[in-house]
>>> print(open('final.csv').read())   # CSV, C-alpha atoms
chain,number,residue,atom,x,y,z
A,1,MET,CA,-16.6,-11.8,-16.3
A,2,SER,CA,-18.9,-9.0,-17.3
A,3,SER,CA,-17.4,-5.6,-18.1
A,4,LYS,CA,-19.2,-4.0,-15.2
A,5,ILE,CA,-17.6,-6.4,-12.7
A,6,GLN,CA,-14.2,-5.8,-14.3
A,7,LEU,CA,-14.7,-2.1,-13.9
A,8,VAL,CA,-15.7,-2.4,-10.2
A,9,LEU,CA,-12.7,-4.7,-9.5
A,10,ALA,CA,-10.3,-2.3,-11.3
A,11,THR,CA,-11.7,0.6,-9.4
A,12,LEU,CA,-11.3,-1.2,-6.0
A,13,LEU,CA,-7.7,-2.2,-7.0
A,14,LEU,CA,-6.9,1.4,-7.9
A,15,ALA,CA,-8.4,2.6,-4.7
A,16,ALA,CA,-6.3,0.2,-2.7
A,17,GLY,CA,-3.2,1.6,-4.6
A,18,PHE,CA,-4.1,5.2,-3.8
A,19,HIS,CA,-4.8,4.2,-0.2
A,20,ALA,CA,-1.4,2.6,0.2
A,21,ALA,CA,0.4,5.5,-1.6
A,22,THR,CA,-1.3,8.0,0.7
A,23,ILE,CA,-0.3,6.1,3.8
A,24,LEU,CA,3.3,5.8,2.7
A,25,LEU,CA,3.7,9.3,1.4
A,26,PHE,CA,1.9,11.1,4.3
A,27,PRO,CA,4.9,11.3,6.6
A,28,TYR,CA,7.1,12.7,3.8
A,29,ALA,CA,4.4,15.3,3.1
A,30,MET,CA,4.1,16.3,6.8
A,31,VAL,CA,7.9,16.6,7.1
A,32,ARG,CA,8.0,18.8,4.0
A,33,ALA,CA,5.1,20.9,5.4
A,34,GLY,CA,6.8,21.3,8.8
A,35,THR,CA,10.2,22.1,7.5
A,36,GLY,CA,8.7,24.3,4.8
A,37,LYS,CA,7.0,26.5,7.5
A,38,LEU,CA,10.3,26.7,9.4
A,39,LEU,CA,12.1,27.8,6.2
A,40,ASP,CA,9.4,30.4,5.4
A,41,SER,CA,9.7,32.0,8.8
A,42,HIS,CA,13.4,31.6,9.4
A,43,ALA,CA,16.4,30.7,7.5
A,44,ALA,CA,18.1,28.5,4.9
A,45,VAL,CA,18.9,24.9,4.6
A,46,ASN,CA,22.0,23.6,6.5
A,47,GLN,CA,21.8,26.5,9.0
A,48,ILE,CA,20.7,26.5,12.6
A,49,ILE,CA,17.5,28.2,13.6
A,50,PHE,CA,17.1,29.3,17.3
A,51,LEU,CA,13.3,29.2,17.9
A,52,ASP,CA,11.7,31.6,20.2
A,53,ARG,CA,9.9,30.4,23.4
A,54,ILE,CA,7.1,28.1,22.4
A,55,THR,CA,3.6,29.5,22.9
A,56,ALA,CA,0.2,28.7,21.4
A,57,GLU,CA,1.0,31.2,18.6
A,58,TRP,CA,3.7,28.9,17.3
A,59,ARG,CA,2.1,26.5,14.8
A,60,ASP,CA,4.8,25.1,12.6
A,61,VAL,CA,4.8,21.6,14.1
A,62,VAL,CA,2.1,19.8,16.1
A,63,ARG,CA,2.4,18.9,19.8
A,64,PRO,CA,5.5,21.0,20.7
A,65,ASN,CA,6.9,20.8,24.2
A,66,PRO,CA,6.3,24.3,25.7
A,67,GLU,CA,9.0,23.7,28.4
A,68,ALA,CA,11.8,23.2,25.9
A,69,ALA,CA,14.1,25.6,24.1
A,70,TYR,CA,14.2,24.3,20.5
A,71,SER,CA,16.8,24.9,17.8
A,72,ALA,CA,16.5,23.3,14.4
A,73,CYS,CA,18.4,22.7,11.2
A,74,ILE,CA,16.8,21.6,8.0
A,75,PHE,CA,19.5,19.6,6.4
A,76,ASP,CA,20.4,18.5,2.9
A,77,VAL,CA,23.5,16.2,2.8
A,78,SER,CA,23.2,15.3,-0.9
A,79,LYS,CA,26.1,17.7,-1.9
A,80,GLY,CA,28.3,17.4,1.2
A,81,ASP,CA,28.6,16.6,4.9
A,82,LEU,CA,27.5,18.7,7.8
A,83,GLU,CA,29.1,19.4,11.1
A,84,LEU,CA,26.8,19.6,14.1
A,85,PHE,CA,27.7,20.5,17.7
A,86,LEU,CA,25.9,19.9,21.0
A,87,PRO,CA,27.5,21.7,24.0
A,88,ALA,CA,27.5,20.1,27.5
A,89,SER,CA,24.5,21.0,29.6
A,90,LYS,CA,23.3,20.6,33.2
A,91,ASN,CA,19.7,20.2,32.1
A,92,TYR,CA,18.4,17.6,29.7
A,93,ALA,CA,19.6,18.6,26.2
A,94,SER,CA,19.5,16.5,23.1
A,95,LEU,CA,20.3,16.5,19.4
A,96,SER,CA,18.0,14.3,17.4
A,97,LEU,CA,18.0,13.6,13.7
A,98,TYR,CA,15.0,12.9,11.5
A,99,ALA,CA,14.9,11.3,8.0
A,100,ALA,CA,12.7,12.6,5.2
A,101,ASN,CA,10.0,10.0,6.3
A,102,SER,CA,10.0,11.4,9.9
A,103,ASP,CA,12.0,8.4,11.4
A,104,ASN,CA,14.1,9.5,14.4
A,105,PHE,CA,17.3,7.8,13.2
A,106,PHE,CA,19.7,9.3,15.8
A,107,VAL,CA,19.7,10.9,19.2
A,108,LEU,CA,22.5,12.2,21.4
A,109,ASN,CA,21.7,13.6,24.8
A,110,ASP,CA,23.7,15.5,27.4
A,111,ARG,CA,24.5,12.4,29.3
A,112,ASP,CA,26.9,11.4,26.5
A,113,VAL,CA,28.3,14.8,25.9
A,114,PRO,CA,31.8,15.6,27.5
A,115,THR,CA,32.4,18.9,29.1
A,116,GLU,CA,33.9,20.3,25.8
A,117,GLY,CA,30.8,19.3,23.9
A,118,ARG,CA,30.2,16.7,21.2
A,119,ARG,CA,30.9,17.3,17.5
A,120,MET,CA,29.2,15.2,14.9
A,121,ARG,CA,29.6,14.7,11.2
A,122,LEU,CA,26.4,13.9,9.3
A,123,GLN,CA,26.9,12.3,6.0
A,124,ARG,CA,24.9,10.5,3.3
A,125,ASN,CA,27.6,7.9,2.5
A,126,GLU,CA,27.7,4.6,4.3
A,127,ILE,CA,30.0,4.4,7.3
A,128,SER,CA,31.9,1.2,7.0
A,129,GLY,CA,34.4,1.6,9.9
A,130,PRO,CA,34.0,2.9,13.4
A,131,ALA,CA,31.3,5.5,13.9
A,132,HIS,CA,33.8,8.1,15.0
A,133,ALA,CA,36.9,9.8,13.8
A,134,GLY,CA,38.9,11.1,16.7
A,135,ASP,CA,36.4,12.9,18.9
A,136,VAL,CA,33.9,13.4,16.1
A,137,SER,CA,30.9,11.1,15.9
A,138,LEU,CA,30.0,10.0,12.4
A,139,VAL,CA,26.3,9.5,11.6
A,140,GLN,CA,24.8,8.4,8.3
A,141,SER,CA,21.6,9.9,7.1
A,142,PRO,CA,19.2,7.5,5.5
A,143,SER,CA,17.9,10.3,3.3
A,144,ASP,CA,19.3,13.3,1.5
A,145,THR,CA,17.2,15.7,3.4
A,146,GLY,CA,15.8,15.8,7.0
A,147,LEU,CA,15.7,17.8,10.2
A,148,ALA,CA,18.0,18.1,13.2
A,149,ILE,CA,16.3,19.2,16.4
A,150,TYR,CA,18.1,20.5,19.5
A,151,ARG,CA,15.9,20.3,22.6
A,152,THR,CA,16.9,21.7,25.9
A,153,ILE,CA,14.6,21.6,29.0
A,154,VAL,CA,13.9,24.9,30.6
A,155,PRO,CA,13.1,23.9,34.2
A,156,ASP,CA,11.9,27.4,35.1
A,157,SER,CA,11.0,30.4,32.9
A,158,SER,CA,13.5,32.5,34.9
A,159,GLU,CA,16.3,30.3,33.3
A,160,TRP,CA,15.3,31.0,29.7
A,161,ASP,CA,17.8,33.8,29.1
A,162,ALA,CA,20.7,31.8,30.4
A,163,ILE,CA,19.7,28.8,28.4
A,164,ASP,CA,19.2,30.9,25.3
A,165,ARG,CA,22.7,32.3,25.7
A,166,TRP,CA,24.1,28.8,26.2
A,167,ARG,CA,22.4,27.3,23.2
A,168,ARG,CA,24.0,29.8,20.8
A,169,GLU,CA,27.1,27.5,20.9
A,170,GLN,CA,25.0,24.9,19.1
A,171,TYR,CA,25.8,24.8,15.4
A,172,CYS,CA,24.9,23.0,12.2
A,173,ARG,CA,26.9,23.9,9.1
A,174,PRO,CA,28.4,22.5,5.9
A,175,ILE,CA,32.0,21.4,6.1
A,176,PRO,CA,33.8,23.6,3.5
A,177,GLY,CA,35.5,21.7,0.7
A,178,ILE,CA,34.4,18.2,1.8
A,179,GLN,CA,32.0,16.4,-0.4
A,180,SER,CA,31.6,13.4,1.8
A,181,PHE,CA,33.7,11.8,4.6
A,182,GLN,CA,34.9,8.3,3.7
A,183,ARG,CA,36.5,5.8,5.9
B,1,MET,CA,-20.8,6.5,-21.3
B,2,ASN,CA,-18.0,5.5,-23.6
B,3,ARG,CA,-14.9,3.5,-22.6
B,4,ALA,CA,-12.7,6.5,-21.9
B,5,GLY,CA,-15.4,8.1,-19.8
B,6,LYS,CA,-15.8,5.0,-17.7
B,7,ALA,CA,-12.1,4.8,-17.2
B,8,ALA,CA,-12.0,8.4,-16.0
B,9,ALA,CA,-14.9,7.9,-13.7
B,10,SER,CA,-13.3,4.8,-12.3
B,11,LEU,CA,-10.1,6.6,-11.7
B,12,ALA,CA,-11.8,9.5,-10.0
B,13,VAL,CA,-13.9,7.2,-7.7
B,14,ALA,CA,-10.7,5.2,-6.9
B,15,LEU,CA,-8.8,8.4,-6.0
B,16,VAL,CA,-11.5,9.7,-3.7
B,17,MET,CA,-12.0,6.3,-2.0
B,18,GLY,CA,-8.3,5.5,-1.7
B,19,VAL,CA,-7.1,8.9,-0.4
B,20,GLY,CA,-10.2,9.6,1.6
B,21,SER,CA,-10.0,6.2,3.4
B,22,ALA,CA,-6.3,6.7,4.1
B,23,LEU,CA,-6.8,10.2,5.6
B,24,LEU,CA,-9.7,8.8,7.7
B,25,VAL,CA,-7.6,5.9,9.0
B,26,ILE,CA,-4.7,8.3,9.8
B,27,GLN,CA,-6.8,10.8,11.7
B,28,VAL,CA,-9.2,8.4,13.6
B,29,GLY,CA,-8.6,4.7,13.0
B,30,SER,CA,-4.9,4.7,13.8
B,31,ARG,CA,-5.6,5.4,17.4
B,32,SER,CA,-6.2,1.7,17.6
B,33,LEU,CA,-2.4,1.3,17.1
B,34,LEU,CA,-1.9,2.7,20.6
B,35,GLN,CA,-1.8,0.2,23.4
B,36,GLN,CA,-3.6,1.3,26.5
B,37,SER,CA,-2.5,1.7,30.1
B,38,GLY,CA,-5.6,3.1,31.8
B,39,PRO,CA,-6.6,6.2,29.7
B,40,TRP,CA,-3.1,6.6,28.4
B,41,GLY,CA,-2.2,5.3,24.9
B,42,TYR,CA,1.4,4.5,23.9
B,43,ASN,CA,3.4,2.6,21.4
B,44,ALA,CA,7.0,1.5,21.9
B,45,LEU,CA,7.7,1.9,18.2
B,46,ILE,CA,7.0,5.7,18.0
B,47,GLY,CA,9.8,7.4,16.2
B,48,SER,CA,11.5,4.2,15.4
B,49,ASP,CA,12.4,2.9,11.9
B,50,ALA,CA,10.6,-0.3,12.9
B,51,ALA,CA,7.3,1.6,13.0
B,52,GLY,CA,4.8,0.3,10.4
B,53,PRO,CA,3.5,2.7,7.7
B,54,TYR,CA,0.2,3.3,9.6
B,55,LEU,CA,1.9,4.1,12.9
B,56,ARG,CA,4.4,6.4,11.1
B,57,ALA,CA,1.5,8.2,9.3
B,58,PHE,CA,-0.5,8.5,12.5
B,59,ILE,CA,2.5,10.0,14.5
B,60,ALA,CA,3.2,12.4,11.6
B,61,TRP,CA,-0.3,13.6,12.1
B,62,VAL,CA,-0.5,13.9,15.9
B,63,GLY,CA,3.2,14.2,17.0
B,64,LEU,CA,5.6,14.8,14.2
B,65,PHE,CA,9.2,14.6,15.1
B,66,ALA,CA,8.6,12.5,18.2
B,67,LEU,CA,11.8,11.1,19.8
B,68,LYS,CA,12.3,7.3,19.7
B,69,ASN,CA,11.3,5.3,22.7
B,70,SER,CA,14.8,4.8,24.1
B,71,GLU,CA,15.1,8.6,24.6
B,72,THR,CA,11.5,9.6,25.4
B,73,VAL,CA,8.3,7.7,26.1
B,74,TYR,CA,5.1,9.4,25.2
B,75,TYR,CA,1.6,8.7,26.4
B,76,ILE,CA,-1.6,10.3,25.0
B,77,ALA,CA,-5.0,10.4,26.7
B,78,TYR,CA,-8.1,11.3,24.8
B,79,GLU,CA,-10.4,10.0,27.5
B,80,ASP,CA,-10.6,10.1,31.3
B,81,SER,CA,-10.1,7.1,33.5
B,82,GLU,CA,-13.7,6.2,33.1
B,83,GLY,CA,-13.5,6.2,29.3
B,84,ASN,CA,-15.3,9.5,28.7
B,85,ALA,CA,-13.8,11.8,26.0
B,86,LEU,CA,-11.9,14.7,27.6
B,87,ASN,CA,-13.8,17.9,27.0
B,88,ASP,CA,-13.7,21.5,28.2
B,89,ALA,CA,-17.2,21.2,29.5
B,90,CYS,CA,-15.8,19.2,32.4
B,91,ASP,CA,-13.2,19.7,35.2
B,92,TYR,CA,-10.6,17.0,35.8
B,93,ARG,CA,-8.1,16.1,38.4
B,94,VAL,CA,-4.9,14.4,37.1
B,95,GLU,CA,-3.2,12.8,40.1
B,96,GLY,CA,-0.5,10.4,40.7
B,97,ALA,CA,3.0,9.7,42.0
B,98,PRO,CA,6.2,11.0,40.4
B,99,LEU,CA,7.0,9.3,37.2
B,100,ASP,CA,10.1,7.2,36.8
B,101,ALA,CA,12.1,9.4,34.4
B,102,ARG,CA,14.8,12.0,34.6
B,103,TRP,CA,12.3,14.7,33.5
B,104,TRP,CA,8.6,14.5,32.7
B,105,SER,CA,5.7,16.7,31.9
B,106,ILE,CA,1.9,16.6,31.4
B,107,GLY,CA,0.6,18.9,28.7
B,108,LEU,CA,-2.8,19.8,27.2
B,109,TYR,CA,-3.3,20.0,23.5
B,110,ALA,CA,-6.4,21.1,21.6
B,111,GLU,CA,-8.2,18.9,19.1
B,112,ASP,CA,-5.9,20.1,16.3
B,113,HIS,CA,-2.9,18.9,18.3
B,114,PHE,CA,-1.5,22.4,18.9
B,115,LEU,CA,-1.2,24.2,22.2
B,116,LEU,CA,-4.4,25.8,23.4
B,117,PRO,CA,-4.2,29.6,23.6
B,118,ASN,CA,-4.9,31.0,27.0
B,119,PRO,CA,-4.1,34.3,28.7
B,120,GLN,CA,-1.8,32.6,31.2
B,121,ASN,CA,0.3,30.9,28.5
B,122,ARG,CA,0.1,27.8,30.6
B,123,TYR,CA,0.2,24.6,28.6
B,124,SER,CA,1.8,22.0,30.9
B,125,PHE,CA,3.3,21.1,34.2
B,126,SER,CA,6.5,19.3,34.6
B,127,SER,CA,8.5,17.4,37.2
B,128,SER,CA,10.6,20.6,37.6
B,129,HIS,CA,7.5,22.4,39.0
B,130,LEU,CA,5.5,19.6,40.5
B,131,LEU,CA,8.3,18.0,42.5
B,132,LYS,CA,10.0,21.2,43.6
B,133,ASP,CA,9.5,20.4,47.3
B,134,LYS,CA,10.3,16.7,46.8
B,135,ALA,CA,6.6,15.9,46.8
B,136,SER,CA,5.7,12.2,46.8
B,137,SER,CA,2.5,12.8,44.7
B,138,PHE,CA,1.0,15.5,42.5
B,139,SER,CA,-2.3,16.8,41.4
B,140,ILE,CA,-3.2,18.9,38.4
B,141,THR,CA,-6.5,20.6,37.9
B,142,VAL,CA,-7.7,20.7,34.3
B,143,SER,CA,-10.6,23.1,34.0
B,144,PRO,CA,-11.9,26.0,31.9
B,145,GLU,CA,-12.0,28.1,35.1
B,146,PRO,CA,-9.1,29.0,37.4
B,147,GLY,CA,-8.4,26.2,39.9
B,148,GLY,CA,-5.4,26.6,42.2
B,149,SER,CA,-1.6,26.6,41.7
B,150,THR,CA,-1.5,23.6,39.4
B,151,TRP,CA,-4.3,24.7,37.1
B,152,LEU,CA,-4.2,23.8,33.4
B,153,PRO,CA,-6.6,25.9,31.4
B,154,SER,CA,-8.9,24.1,29.0
B,155,LYS,CA,-11.4,26.9,28.1
B,156,GLY,CA,-12.3,26.8,24.4
B,157,ALA,CA,-10.6,23.4,23.7
B,158,GLY,CA,-13.7,21.4,23.0
B,159,ASP,CA,-12.4,17.8,22.9
B,160,PHE,CA,-8.7,17.8,23.9
B,161,SER,CA,-5.9,15.4,24.8
B,162,LEU,CA,-3.3,15.2,27.5
B,163,THR,CA,0.3,14.1,26.7
B,164,ILE,CA,2.9,12.7,29.1
B,165,ARG,CA,6.5,13.1,28.0
B,166,MET,CA,9.1,11.1,29.9
B,167,TYR,CA,12.7,12.1,29.0
B,168,ASN,CA,15.3,9.5,29.8
B,169,PRO,CA,12.8,7.1,31.3
B,170,ALA,CA,13.8,4.2,33.5
B,171,PRO,CA,15.1,1.2,31.6
B,172,GLU,CA,12.1,-0.9,32.6
B,173,ILE,CA,9.8,1.7,31.0
B,174,VAL,CA,11.8,1.8,27.8
B,175,ALA,CA,11.5,-2.0,27.7
B,176,ASP,CA,7.8,-1.9,28.4
B,177,PRO,CA,6.1,1.4,28.5
B,178,GLY,CA,3.0,-0.3,29.8
B,179,SER,CA,4.8,-1.0,33.1
B,180,ALA,CA,4.9,2.7,34.0
B,181,VAL,CA,2.6,3.7,36.9
B,182,LEU,CA,0.7,6.6,35.3
B,183,PRO,CA,-1.6,9.2,36.8
B,184,ARG,CA,-5.4,8.9,36.9
B,185,ILE,CA,-7.6,11.3,35.1
B,186,ILE,CA,-10.6,11.9,37.3
B,187,ARG,CA,-13.7,13.7,35.9
B,188,GLU,CA,-15.0,15.9,38.7
B,189,ARG,CA,-17.8,18.2,37.4
B,190,CYS,CA,-19.4,19.0,34.0
B,191,THR,CA,-21.5,21.9,33.0
>>> encode(input="final.csv", output="structure tokens")
Amino acid sequence: MSSKIQLVLATLLLAAGFHAATILLFPYAMVRAGTGKLLDSHAAVNQIIFLDRITAEWRDVVRPNPEAAYSACIFDVSKGDLELFLPASKNYASLSLYAANSDNFFVLNDRDVPTEGRRMRLQRNEISGPAHAGDVSLVQSPSDTGLAIYRTIVPDSSEWDAIDRWRREQYCRPIPGIQSFQR
Amino acid sequence: MNRAGKAAASLAVALVMGVGSALLVIQVGSRSLLQQSGPWGYNALIGSDAAGPYLRAFIAWVGLFALKNSETVYYIAYEDSEGNALNDACDYRVEGAPLDARWWSIGLYAEDHFLLPNPQNRYSFSSSHLLKDKASSFSITVSPEPGGSTWLPSKGAGDFSLTIRMYNPAPEIVADPGSAVLPRIIRERCT
């Protein structure tokens, strides 16, 4: 085989490698970009952020639902577990968890939330037993970092203030002194 | 050119080809990963860990942090019911029957996938609004100019897309999003 053909084949092989790497890494990059914007404009990791009403000026993440009240929590469970809480709601409300590669690995919505609300423990370690401890649901994150999104439908803009007050009960916070919950 | 020079050139060409083709596929080619129901594209694996790398990359581009299918089913239309690209040079009527979900909405997004700025701050209509009087059908006007009580402004959008969100859809739709009866997008007038 001539050296020219070898060079062309090597170039094509390398190009295929760069192509595959870009496709695989793209969701991670988009998640980092989206959460990075949230961090720049709001708060710290493992802390809930109550976003303002969504308008066209909000450009942190593509294709937002303008009829939802969003809260978010950029999480890092590499050093310990997190406790998250979704209060009961009469409107559609959910807490969804996204891995570093953007997969939506868990969703809880208001239909499965008792009147006292639902507490969850998010951890990195594998859960070998039942996925709950008492009234606390246990959820394993497939990655150290990710994003929790709380969505609540605002059926009418006149209800925004009431829903905004209600959602202040949501939380996302480290569990002090607990490295990781084992069963 | 010496050997090192050839290797560097090969690497540079491979980088441009590999990354460039990937970004092109994500932004344009991956639309083919959507199945069609009339003008509405969908994929039951959106948000799921069963999504393939191309679908995952495409969704990261057009709808990052989408919910998985069992929670919310999404449909995206880039074209009207006749197959013409949606564009703000035309008026459209989006009409249909109530969708089979607990809550649903139809929203307009600019070509960059963000909400389209407009003085009315009106970006979507939902079942909360459209079915207030227990209506058995609905009609939304998409137009650059004002057009009634269910007018969705498109001025300045250029090519745009419409998105249906169905929160807590009926089980049949979760099982097969293609079974949903979706609204028609009728082009009415172009300037």
>>> atom_distance(input="final.csv", atom1="CA of Ser78 (chain A)", atom2="CA of Arg118 (chain A)")
23.2 Å
>>> closest_atom_pairs(input="final.csv", of="chain A", to="chain B", cutoff="9 Å", atoms="all atoms listed in the file", output="JSON lines")
{"residue": "A:Leu7", "atom": "CA", "partner": "B:Ser10", "partner_atom": "CA", "distance": 7.2}
{"residue": "A:Val8", "atom": "CA", "partner": "B:Ser10", "partner_atom": "CA", "distance": 7.9}
{"residue": "A:Ala10", "atom": "CA", "partner": "B:Ser10", "partner_atom": "CA", "distance": 7.8}
{"residue": "A:Thr11", "atom": "CA", "partner": "B:Ala14", "partner_atom": "CA", "distance": 5.3}
{"residue": "A:Leu12", "atom": "CA", "partner": "B:Ala14", "partner_atom": "CA", "distance": 6.5}
{"residue": "A:Leu13", "atom": "CA", "partner": "B:Ala14", "partner_atom": "CA", "distance": 8.0}
{"residue": "A:Leu14", "atom": "CA", "partner": "B:Ala14", "partner_atom": "CA", "distance": 5.5}
{"residue": "A:Ala15", "atom": "CA", "partner": "B:Ala14", "partner_atom": "CA", "distance": 4.1}
{"residue": "A:Ala16", "atom": "CA", "partner": "B:Gly18", "partner_atom": "CA", "distance": 5.8}
{"residue": "A:Gly17", "atom": "CA", "partner": "B:Gly18", "partner_atom": "CA", "distance": 7.0}
{"residue": "A:Phe18", "atom": "CA", "partner": "B:Gly18", "partner_atom": "CA", "distance": 4.7}
{"residue": "A:His19", "atom": "CA", "partner": "B:Gly18", "partner_atom": "CA", "distance": 4.0}
{"residue": "A:Ala20", "atom": "CA", "partner": "B:Ala22", "partner_atom": "CA", "distance": 7.5}
{"residue": "A:Ala21", "atom": "CA", "partner": "B:Val19", "partner_atom": "CA", "distance": 8.3}
{"residue": "A:Thr22", "atom": "CA", "partner": "B:Val19", "partner_atom": "CA", "distance": 6.0}
{"residue": "A:Ile23", "atom": "CA", "partner": "B:Ala22", "partner_atom": "CA", "distance": 6.0}
{"residue": "A:Leu24", "atom": "CA", "partner": "B:Pro53", "partner_atom": "CA", "distance": 5.9}
{"residue": "A:Leu25", "atom": "CA", "partner": "B:Ala57", "partner_atom": "CA", "distance": 8.3}
{"residue": "A:Phe26", "atom": "CA", "partner": "B:Ala57", "partner_atom": "CA", "distance": 5.8}
{"residue": "A:Pro27", "atom": "CA", "partner": "B:Ala57", "partner_atom": "CA", "distance": 5.3}
{"residue": "A:Tyr28", "atom": "CA", "partner": "B:Ala60", "partner_atom": "CA", "distance": 8.7}
{"residue": "A:Met30", "atom": "CA", "partner": "B:Ala60", "partner_atom": "CA", "distance": 6.2}
{"residue": "A:Val31", "atom": "CA", "partner": "B:Leu64", "partner_atom": "CA", "distance": 7.7}
{"residue": "A:Gly34", "atom": "CA", "partner": "B:Leu64", "partner_atom": "CA", "distance": 8.5}
{"residue": "A:Thr55", "atom": "CA", "partner": "B:Asn121", "partner_atom": "CA", "distance": 6.6}
{"residue": "A:Ala56", "atom": "CA", "partner": "B:Leu115", "partner_atom": "CA", "distance": 4.8}
{"residue": "A:Glu57", "atom": "CA", "partner": "B:Pro117", "partner_atom": "CA", "distance": 7.4}
{"residue": "A:Trp58", "atom": "CA", "partner": "B:Leu115", "partner_atom": "CA", "distance": 8.4}
{"residue": "A:Arg59", "atom": "CA", "partner": "B:Phe114", "partner_atom": "CA", "distance": 6.8}
{"residue": "A:Val61", "atom": "CA", "partner": "B:Leu64", "partner_atom": "CA", "distance": 6.8}
{"residue": "A:Val62", "atom": "CA", "partner": "B:Phe114", "partner_atom": "CA", "distance": 5.2}
{"residue": "A:Arg63", "atom": "CA", "partner": "B:Phe114", "partner_atom": "CA", "distance": 5.3}
{"residue": "A:Pro64", "atom": "CA", "partner": "B:Phe114", "partner_atom": "CA", "distance": 7.4}
{"residue": "A:Asn65", "atom": "CA", "partner": "B:Gly107", "partner_atom": "CA", "distance": 8.0}
{"residue": "A:Pro66", "atom": "CA", "partner": "B:Tyr123", "partner_atom": "CA", "distance": 6.8}
{"residue": "A:Glu67", "atom": "CA", "partner": "B:Ser124", "partner_atom": "CA", "distance": 7.8}
{"residue": "A:Tyr92", "atom": "CA", "partner": "B:Trp103", "partner_atom": "CA", "distance": 7.7}
{"residue": "A:Ser96", "atom": "CA", "partner": "B:Leu67", "partner_atom": "CA", "distance": 7.4}
{"residue": "A:Leu97", "atom": "CA", "partner": "B:Phe65", "partner_atom": "CA", "distance": 9.0}
{"residue": "A:Tyr98", "atom": "CA", "partner": "B:Phe65", "partner_atom": "CA", "distance": 7.0}
{"residue": "A:Asn101", "atom": "CA", "partner": "B:Arg56", "partner_atom": "CA", "distance": 8.2}
{"residue": "A:Ser102", "atom": "CA", "partner": "B:Phe65", "partner_atom": "CA", "distance": 6.2}
{"residue": "A:Asp103", "atom": "CA", "partner": "B:Gly47", "partner_atom": "CA", "distance": 5.4}
{"residue": "A:Asn104", "atom": "CA", "partner": "B:Gly47", "partner_atom": "CA", "distance": 5.1}
{"residue": "A:Phe105", "atom": "CA", "partner": "B:Asp49", "partner_atom": "CA", "distance": 7.1}
{"residue": "A:Phe106", "atom": "CA", "partner": "B:Lys68", "partner_atom": "CA", "distance": 8.6}
{"residue": "A:Val107", "atom": "CA", "partner": "B:Glu71", "partner_atom": "CA", "distance": 7.5}
{"residue": "A:Leu108", "atom": "CA", "partner": "B:Glu71", "partner_atom": "CA", "distance": 8.8}
{"residue": "A:Asn109", "atom": "CA", "partner": "B:Glu71", "partner_atom": "CA", "distance": 8.3}
{"residue": "A:Leu147", "atom": "CA", "partner": "B:Phe65", "partner_atom": "CA", "distance": 8.7}
{"residue": "A:Ile149", "atom": "CA", "partner": "B:Phe65", "partner_atom": "CA", "distance": 8.6}
{"residue": "A:Ile153", "atom": "CA", "partner": "B:Trp103", "partner_atom": "CA", "distance": 8.6}
{"residue": "A:Val154", "atom": "CA", "partner": "B:Ser128", "partner_atom": "CA", "distance": 8.9}
{"residue": "A:Pro155", "atom": "CA", "partner": "B:Ser128", "partner_atom": "CA", "distance": 5.4}
{"residue": "A:Asp156", "atom": "CA", "partner": "B:Ser128", "partner_atom": "CA", "distance": 7.4}
>>> atom_distance(input="final.csv", atom1="CA of Ile48 (chain A)", atom2="CA of Glu169 (chain A)")
10.5 Å
>>> atom_distance(input="final.csv", atom1="CA of Ser32 (chain B)", atom2="CA of Gly158 (chain B)")
21.8 Å
>>> residues_around(input="final.csv", residues="Ala69 (chain A)", least_positions_apart="2", cutoff="10 Å", atoms="all atoms listed in the file", output="PDB file with C-alpha atoms, in the frame of the given file")
ATOM      1  CA  PHE A  50      17.100  29.300  17.300  1.00  0.00           C
ATOM      2  CA  LEU A  51      13.300  29.200  17.900  1.00  0.00           C
ATOM      3  CA  ASP A  52      11.700  31.600  20.200  1.00  0.00           C
ATOM      4  CA  ARG A  53       9.900  30.400  23.400  1.00  0.00           C
ATOM      5  CA  ILE A  54       7.100  28.100  22.400  1.00  0.00           C
ATOM      6  CA  ASN A  65       6.900  20.800  24.200  1.00  0.00           C
ATOM      7  CA  PRO A  66       6.300  24.300  25.700  1.00  0.00           C
ATOM      8  CA  GLU A  67       9.000  23.700  28.400  1.00  0.00           C
ATOM      9  CA  SER A  71      16.800  24.900  17.800  1.00  0.00           C
ATOM     10  CA  ALA A  93      19.600  18.600  26.200  1.00  0.00           C
ATOM     11  CA  TYR A 150      18.100  20.500  19.500  1.00  0.00           C
ATOM     12  CA  ARG A 151      15.900  20.300  22.600  1.00  0.00           C
ATOM     13  CA  THR A 152      16.900  21.700  25.900  1.00  0.00           C
ATOM     14  CA  ILE A 153      14.600  21.600  29.000  1.00  0.00           C
ATOM     15  CA  VAL A 154      13.900  24.900  30.600  1.00  0.00           C
ATOM     16  CA  TRP A 160      15.300  31.000  29.700  1.00  0.00           C
ATOM     17  CA  ILE A 163      19.700  28.800  28.400  1.00  0.00           C
ATOM     18  CA  ASP A 164      19.200  30.900  25.300  1.00  0.00           C
ATOM     19  CA  ARG A 167      22.400  27.300  23.200  1.00  0.00           C
TER      20      ARG A 167
END
>>> residues_around(input="final.csv", residues="Glu95 (chain B)", least_positions_apart="6", cutoff="8 Å", atoms="only C-alpha atoms", output="MDAnalysis selection string")
chainID B and resid 137:140 183:186
>>> closest_residue(input="final.csv", among="B:Leu152, B:Ala135, B:Ile76, B:Ala170", to="Ser37 (chain B)", atoms="only C-alpha atoms")
B:Ile76
>>> closest_residue(input="final.csv", among="B:Arg3, B:Lys155, B:Arg93, B:Arg31", to="Pro119 (chain B)", atoms="only C-alpha atoms")
B:Lys155
>>> decode(input="final.csv", residues="region 52-57 of chain A", atoms="C-alpha atoms", output="short mmCIF file (atom, residue, chain, number, x, y, z; two decimals), in the first residue's frame")
data_model
loop_
_atom_site.label_atom_id
_atom_site.label_comp_id
_atom_site.auth_asym_id
_atom_site.auth_seq_id
_atom_site.Cartn_x
_atom_site.Cartn_y
_atom_site.Cartn_z
CA ASP A 52 -38.14 33.81 37.77
CA ARG A 53 -41.06 33.59 35.39
CA ILE A 54 -39.81 32.30 32.04
CA THR A 55 -39.77 34.85 29.23
CA ALA A 56 -37.84 35.17 25.98
CA GLU A 57 -35.08 36.99 27.87
#
